[in-house]
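*Asks:* File input.txt below, compact mmCIF, C-alpha atoms and all ligand atoms:
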```txt
# COMPACT_ATOMS: atom_id res chain seq x y z
CA MET A 1 318.56 81.80 67.27
CA ALA A 2 317.48 81.31 70.89
CA LYS A 3 314.36 83.25 71.80
CA ALA A 4 314.71 85.70 74.71
CA VAL A 5 312.43 84.72 77.62
CA ALA A 6 311.04 87.62 79.65
CA GLN A 7 311.91 87.20 83.36
CA THR A 8 309.18 88.07 85.89
CA PRO A 9 310.76 90.53 88.32
CA SER A 10 310.87 89.31 91.92
CA PRO A 11 308.25 91.00 94.11
CA VAL A 12 310.82 91.09 96.96
CA LEU A 13 312.71 94.36 97.41
CA PRO A 14 316.54 93.88 97.43
CA SER A 15 316.87 96.80 99.88
CA ASP A 16 314.57 94.93 102.28
CA LYS A 17 316.87 91.93 102.26
CA ALA A 18 319.85 94.17 103.10
CA THR A 19 317.89 95.75 105.97
CA ALA A 20 316.90 92.33 107.29
CA LEU A 21 320.42 90.93 107.21
CA ALA A 22 321.68 94.00 109.07
CA LEU A 23 318.99 93.50 111.75
CA THR A 24 319.47 89.76 112.09
CA PRO A 25 322.81 88.71 110.56
CA VAL A 26 323.28 85.11 109.42
CA SER A 27 326.15 83.03 108.06
CA ARG A 28 326.73 82.82 104.30
CA GLU A 29 325.48 79.19 104.38
CA THR A 30 322.23 80.23 106.08
CA GLU A 31 321.75 83.09 103.63
CA VAL A 32 322.02 80.63 100.71
CA ARG A 33 319.42 78.34 102.32
CA LEU A 34 317.11 81.33 102.93
CA ASN A 35 317.51 82.44 99.30
CA HIS A 36 316.31 78.99 98.15
CA TYR A 37 313.41 79.19 100.59
CA VAL A 38 312.36 82.65 99.38
CA ASP A 39 312.49 81.53 95.73
CA LEU A 40 310.29 78.52 96.52
CA LEU A 41 307.85 80.58 98.57
CA ILE A 42 307.41 83.09 95.73
CA GLU A 43 306.82 80.23 93.28
CA TRP A 44 304.20 78.55 95.51
CA GLN A 45 302.60 81.85 96.54
CA THR A 46 300.97 82.01 93.08
CA LYS A 47 298.93 78.86 93.85
CA THR A 48 298.77 78.76 97.69
CA ASN A 49 298.35 81.77 99.95
CA LEU A 50 301.40 81.42 102.19
CA VAL A 51 301.80 85.07 103.25
CA ALA A 52 299.62 88.14 102.79
CA PRO A 53 300.44 89.31 99.23
CA SER A 54 300.90 92.90 100.45
CA THR A 55 303.86 91.77 102.61
CA LEU A 56 305.87 90.20 99.75
CA PRO A 57 308.06 93.28 99.02
CA HIS A 58 309.10 93.23 102.70
CA LEU A 59 309.30 89.45 103.04
CA TRP A 60 312.82 89.58 104.54
CA THR A 61 312.05 92.03 107.35
CA ARG A 62 308.37 91.18 107.96
CA HIS A 63 308.81 87.41 108.00
CA ILE A 64 312.44 86.29 107.94
CA SER A 65 313.99 88.71 110.46
CA ASP A 66 310.86 88.42 112.57
CA SER A 67 311.58 84.68 112.79
CA LEU A 68 315.38 84.90 113.16
CA GLN A 69 315.20 87.23 116.15
CA LEU A 70 313.94 84.31 118.28
CA LEU A 71 317.36 82.63 118.13
CA ASP A 72 318.94 85.13 120.54
CA LEU A 73 316.21 84.42 123.11
CA ALA A 74 316.95 80.68 123.14
CA PRO A 75 320.60 80.46 122.07
CA SER A 76 321.20 76.91 123.25
CA ALA A 77 317.87 75.43 122.09
CA LYS A 78 318.26 72.64 119.55
CA ILE A 79 314.90 70.88 119.49
CA TRP A 80 312.02 73.21 118.72
CA VAL A 81 308.34 72.75 117.93
CA ASP A 82 306.55 75.38 115.84
CA PHE A 83 302.74 75.26 116.02
CA GLY A 84 300.75 76.24 112.91
CA SER A 85 303.83 76.75 110.73
CA GLY A 86 301.82 77.72 107.61
CA GLY A 87 304.32 79.07 105.07
CA GLY A 88 307.21 78.37 107.45
CA PHE A 89 307.39 81.27 109.90
CA PRO A 90 309.18 81.04 112.18
CA GLY A 91 309.87 77.28 111.85
CA VAL A 92 311.52 76.90 108.43
CA VAL A 93 313.62 80.03 108.93
CA LEU A 94 314.90 78.71 112.29
CA ALA A 95 315.57 75.32 110.67
CA CYS A 96 317.68 77.01 107.96
CA ALA A 97 319.66 78.89 110.61
CA LEU A 98 320.24 75.72 112.69
CA ALA A 99 320.98 73.41 109.75
CA GLU A 100 324.69 73.23 110.65
CA THR A 101 324.05 72.71 114.39
CA PRO A 102 324.60 69.06 115.37
CA GLY A 103 321.43 67.50 116.80
CA ALA A 104 319.14 70.39 115.84
CA ASN A 105 315.59 69.65 114.68
CA ILE A 106 312.53 71.87 114.32
CA HIS A 107 309.18 70.07 114.43
CA LEU A 108 306.79 71.91 112.09
CA VAL A 109 303.14 71.25 112.99
CA GLU A 110 300.59 72.12 110.31
CA ARG A 111 297.09 70.70 109.78
CA ASN A 112 296.55 72.06 106.26
CA ALA A 113 297.71 69.43 103.72
CA LYS A 114 298.73 71.94 101.01
CA LYS A 115 300.82 73.96 103.44
CA ALA A 116 302.38 70.82 104.88
CA ALA A 117 303.33 69.81 101.30
CA PHE A 118 304.96 73.22 100.86
CA LEU A 119 306.83 72.83 104.15
CA ARG A 120 308.16 69.41 103.08
CA GLU A 121 309.40 70.89 99.80
CA ALA A 122 310.98 73.84 101.63
CA VAL A 123 312.82 71.48 103.98
CA ARG A 124 314.00 69.44 100.97
CA VAL A 125 315.34 72.36 98.89
CA THR A 126 317.07 74.02 101.84
CA SER A 127 318.31 70.83 103.56
CA ALA A 128 317.02 72.48 106.72
CA ALA A 129 316.94 70.70 110.08
CA ALA A 130 313.20 70.05 110.34
CA THR A 131 310.48 67.40 110.49
CA VAL A 132 307.03 68.18 109.08
CA HIS A 133 303.97 66.85 110.92
CA LEU A 134 300.68 67.02 109.01
CA ALA A 135 298.65 67.07 112.22
CA GLY A 136 296.61 69.13 114.62
CA ILE A 137 298.41 70.52 117.65
CA GLY A 138 296.27 68.41 119.99
CA ASP A 139 297.68 65.21 118.45
CA ILE A 140 301.32 66.18 118.53
CA VAL A 141 302.42 65.83 122.16
CA ASP A 142 302.57 62.01 122.04
CA ARG A 143 303.74 61.90 118.42
CA ILE A 144 306.92 63.96 118.99
CA GLY A 145 307.95 61.84 121.96
CA CYS A 146 311.16 63.68 122.83
CA ARG A 147 312.12 66.59 125.08
CA ILE A 148 311.56 69.98 123.48
CA ASP A 149 313.80 72.98 124.24
CA CYS A 150 311.60 75.70 122.75
CA VAL A 151 307.98 76.06 121.58
CA THR A 152 307.05 78.79 119.08
CA ALA A 153 303.94 80.10 117.33
CA ARG A 154 303.11 83.13 115.21
CA ALA A 155 299.73 84.36 113.99
CA LEU A 156 298.00 81.22 115.24
CA ALA A 157 295.62 81.85 118.16
CA PRO A 158 294.98 84.12 121.15
CA LEU A 159 297.64 83.89 123.84
CA HIS A 160 295.50 81.99 126.36
CA GLN A 161 295.09 79.18 123.80
CA LEU A 162 298.79 79.18 122.88
CA VAL A 163 299.68 78.86 126.56
CA GLY A 164 297.44 75.79 126.75
CA PHE A 165 299.11 74.25 123.66
CA ALA A 166 302.58 74.88 125.10
CA GLU A 167 301.89 73.78 128.67
CA PRO A 168 302.74 70.04 128.25
CA PHE A 169 306.15 70.99 126.79
CA VAL A 170 306.92 73.83 129.24
CA ARG A 171 306.02 71.50 132.12
CA GLU A 172 308.88 69.28 130.89
CA GLY A 173 311.38 72.16 130.72
CA ALA A 174 310.76 73.92 127.38
CA LYS A 175 310.70 77.67 126.91
CA ALA A 176 307.81 79.21 124.93
CA LEU A 177 308.30 82.14 122.53
CA PHE A 178 305.18 83.60 120.92
CA LEU A 179 305.28 86.36 118.32
CA LYS A 180 302.42 88.73 119.02
CA GLY A 181 301.01 92.04 117.76
CA GLN A 182 300.02 95.28 119.42
CA ASP A 183 297.17 93.73 121.46
CA VAL A 184 299.61 91.77 123.60
CA GLU A 185 298.62 93.46 126.90
CA ALA A 186 294.93 92.58 126.45
CA GLU A 187 295.87 89.02 125.48
CA LEU A 188 298.07 88.70 128.58
CA THR A 189 295.24 89.95 130.79
CA GLU A 190 292.97 87.27 129.33
CA ALA A 191 295.62 84.54 129.60
CA THR A 192 296.27 85.24 133.29
CA LYS A 193 292.63 84.43 134.05
CA TYR A 194 293.38 80.79 133.24
CA TRP A 195 297.11 80.42 133.73
CA ASN A 196 299.75 81.35 136.30
CA ILE A 197 302.51 82.75 134.13
CA GLU A 198 305.41 85.17 134.54
CA PRO A 199 305.80 86.52 131.01
CA ARG A 200 308.84 88.42 129.81
CA LEU A 201 308.00 90.82 126.99
CA HIS A 202 310.50 91.73 124.28
CA SER A 203 309.67 94.37 121.68
CA SER A 204 310.23 93.15 118.14
CA ARG A 205 313.54 94.08 116.55
CA THR A 206 311.77 94.45 113.23
CA GLY A 207 309.89 97.58 114.29
CA GLY A 208 306.15 98.06 114.04
CA HIS A 209 304.10 97.06 117.07
CA GLY A 210 305.28 93.48 117.44
CA TRP A 211 306.17 91.75 120.69
CA ILE A 212 307.66 88.43 121.72
CA VAL A 213 306.14 86.79 124.79
CA GLU A 214 308.65 84.55 126.59
CA LEU A 215 307.43 81.99 129.12
CA ASP A 216 309.48 79.56 131.20
CA ARG A 217 306.74 78.43 133.56
CA ILE A 218 303.04 77.71 133.00
CA GLU A 219 300.61 76.44 135.61
CA ARG A 220 296.88 76.09 135.21
CA ARG A 221 295.04 78.33 137.66
CA ASN A 222 292.69 76.74 140.12
CA PRO A 223 289.39 76.66 138.11
CA SER A 224 287.46 77.70 141.24
CA ALA A 225 289.50 80.96 141.28
CA ILE A 226 287.87 81.96 137.97
CA THR A 227 284.55 83.70 138.43
CA HIS A 228 281.64 82.40 136.38
CA GLY A 229 281.63 85.42 134.03
CA ASP A 230 285.33 84.91 133.22
CA ARG A 231 284.97 81.45 131.69
CA ALA A 232 285.83 81.17 127.97
C1 LIG A 301 297.63 82.47 109.99
S1 LIG A 301 298.60 81.08 109.66
C2 LIG A 301 300.17 81.55 110.30
C3 LIG A 301 301.28 80.77 109.68
C4 LIG A 301 302.69 81.12 110.15
N1 LIG A 301 302.91 80.75 111.54
C5 LIG A 301 302.99 82.58 109.93
O1 LIG A 301 303.17 83.31 110.92
O2 LIG A 301 303.06 83.01 108.77
C6 LIG A 301 298.06 79.88 110.85
C7 LIG A 301 298.41 78.46 110.43
O3 LIG A 301 298.12 77.58 111.50
C8 LIG A 301 297.50 76.41 111.01
N2 LIG A 301 296.68 75.89 112.11
C9 LIG A 301 295.62 76.47 112.72
N3 LIG A 301 295.15 75.73 113.73
C10 LIG A 301 295.94 74.61 113.77
C11 LIG A 301 295.96 73.43 114.58
N4 LIG A 301 295.07 73.26 115.57
N5 LIG A 301 296.89 72.49 114.37
C12 LIG A 301 297.82 72.67 113.37
N6 LIG A 301 297.86 73.76 112.55
C13 LIG A 301 296.93 74.72 112.75
C14 LIG A 301 296.68 76.89 109.82
O4 LIG A 301 296.43 75.84 108.90
C15 LIG A 301 297.60 77.97 109.24
O5 LIG A 301 298.48 77.45 108.28
```
Taking this structure as input, can you express it in the form of structure tokens?
*Replies:*
Amino acid sequence: MAKAVAQTPSPVLPSDKATALALTPVSRETEVRLNHYVDLLIEWQTKTNLVAPSTLPHLWTRHISDSLQLLDLAPSAKIWVDFGSGGGFPGVVLACALAETPGANIHLVERNAKKAAFLREAVRVTSAAATVHLAGIGDIVDRIGCRIDCVTARALAPLHQLVGFAEPFVREGAKALFLKGQDVEAELTEATKYWNIEPRLHSSRTGGHGWIVELDRIERRNPSAITHGDRA
């Protein structure tokens, strides 16, 4: 007689998935891809820290909806670059959502080899529209070699650094969307010491104290305009 195998219950709350899909609805095809991604992430989470363990029950709202909400801010963007993709937020989620869009591709930039291996596996199991670059952000501008529609980053660096990473792409016409926390005003104050920017701020649809900083233009400020004490 076959022996019963005890199933480990998923740490993800089903009610959280329902909340997320109400906040940021997706097609049935995208939902199937995201289910595969979530299963893989939970499997790898036991050996690689991809998200803070405390956020696992709310993975769908905290991470997946948080990522999906960017689509409405760049509805016609097809070619994206996501800096410091880590466990795949927002890049893999966007790539799942755009998998059926002709010509779509999300460049996932990650310098940690283990996380890049996870990203490659996530792209494989979901058939998402993405290319993984095991690289530092500084090396990626020449490597991508095509026009980018939208640059993203989440939980990577202070805003003034993100603006510097995005500048070569925004100069060529890209939009930048950065997911930020409650300190966004202080980060904007710091960033405007070094950069001329006209940020649009969107409060996160997923609640909490999150913000999305949208930038369509970035120009380096005249270094002589920065007083000595302001220099980073
Ligand atoms: C805190 S994690 C955030 C991951 C993901 N964006 C998220 O929100 O869950 C930051 C990630 O950026 C990567 N990273 C940091 N600096 C980088 C750089 N200069 N180039 C490429 N990846 C970088 C780290 O290896 C890490 O995986």
*Asks:* Compute the set of protein, DNA and RNA residues whose minimum atom distance to ligand LIG 301 (chain A) is at most 10 Å, using all atoms listed in the file, and state it as a ChimeraX atom specification.
*Replies:* /A:49-52,62-64,66-67,82-92,108-116,133-140,152-157,165,179-180
*Asks:* Using all atoms listed in the file, collect all residues at a distance of at most 12 Å from (318.0, 83.2, 124.0) as written in the file, then present them as number ranges by chain.
*Replies:* A: 68-78, 149-150, 175-177, 202, 212, 214-216
*Asks:* The selected residues should be written to file as a PDB file, in the frame of the given file (atoms: C-alpha atoms).
*Replies:*
```pdb
ATOM      1  CA  LEU A  68     315.380  84.900 113.160  1.00  0.00           C
ATOM      2  CA  GLN A  69     315.200  87.230 116.150  1.00  0.00           C
ATOM      3  CA  LEU A  70     313.940  84.310 118.280  1.00  0.00           C
ATOM      4  CA  LEU A  71     317.360  82.630 118.130  1.00  0.00           C
ATOM      5  CA  ASP A  72     318.940  85.130 120.540  1.00  0.00           C
ATOM      6  CA  LEU A  73     316.210  84.420 123.110  1.00  0.00           C
ATOM      7  CA  ALA A  74     316.950  80.680 123.140  1.00  0.00           C
ATOM      8  CA  PRO A  75     320.600  80.460 122.070  1.00  0.00           C
ATOM      9  CA  SER A  76     321.200  76.910 123.250  1.00  0.00           C
ATOM     10  CA  ALA A  77     317.870  75.430 122.090  1.00  0.00           C
ATOM     11  CA  LYS A  78     318.260  72.640 119.550  1.00  0.00           C
ATOM     12  CA  ASP A 149     313.800  72.980 124.240  1.00  0.00           C
ATOM     13  CA  CYS A 150     311.600  75.700 122.750  1.00  0.00           C
ATOM     14  CA  LYS A 175     310.700  77.670 126.910  1.00  0.00           C
ATOM     15  CA  ALA A 176     307.810  79.210 124.930  1.00  0.00           C
ATOM     16  CA  LEU A 177     308.300  82.140 122.530  1.00  0.00           C
ATOM     17  CA  HIS A 202     310.500  91.730 124.280  1.00  0.00           C
ATOM     18  CA  ILE A 212     307.660  88.430 121.720  1.00  0.00           C
ATOM     19  CA  GLU A 214     308.650  84.550 126.590  1.00  0.00           C
ATOM     20  CA  LEU A 215     307.430  81.990 129.120  1.00  0.00           C
ATOM     21  CA  ASP A 216     309.480  79.560 131.200  1.00  0.00           C
TER      22      ASP A 216
END
```
*Asks:* What is the distance, in Å and to one decimal place, between CA of Ala174 in chain A and CA of Ala186 in chain A?
*Replies:*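 About the pair CA of Ala174 in chain A and CA of Ala186 in chain A: they are 24.5 Å apart.
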*Asks:* Here is a test: counting all atoms listed in the file, which residue of A:Ile144, A:Val132, A:Ile218, A:Ala104 is nearest to His160 in chain A?
*Replies:*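 Going through A:Ile144, A:Val132, A:Ile218, A:Ala104 one by one, the smallest distance to His160 in chain A is for A:Ile218.
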*Asks:* Measuring atom to atom with only C-alpha atoms, identify which of A:Arg200, A:Ala129, A:Pro158, A:Leu21 is nearest to Glu100 in chain A.
*Replies:*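 Selected residue with least distance to Glu100 in chain A: A:Ala129.
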*Asks:* Report the distance between CA of Ala166 in chain A and CA of Val93 in chain A in Å, rounded to one decimal place.
*Replies:*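 Calculated distance between CA of Ala166 in chain A and CA of Val93 in chain A is 20.2 Å.
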*Asks:* So which residues fall inside 9 Å of (315.3, 99.9, 113.4) if we count only C-alpha atoms? Mind giving them as a list in words?
*Replies:* Thr19, Leu23, Arg205, Thr206 and Gly207 of chain A
*Asks:* Near Thr30 in chain A, counting all atoms listed in the file, which residues have an atom at most 10 Å away, once you skip same-chain residues fewer than 5 positions from it, shown as a list in words?
*Replies:* Pro25, Asn35, His36, Val93, Leu94, Ala95, Cys96, Ala97, Leu98, Ala99, Glu100, Thr126 and Ala128 of chain A
*Asks:* Suppose you want the space between CA of Thr101 in chain A and CA of Leu13 in chain A; what is it in Å?
*Replies:*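 It comes out at 29.8 Å.
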*Asks:* Using all atoms listed in the file, can you tell me which of A:Val12, A:Val141, A:Ala20, A:Val26 comes closest to Ile42 in chain A?
*Replies:*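 Looking at the shortest contact to Ile42 in chain A, the residue is A:Val12.
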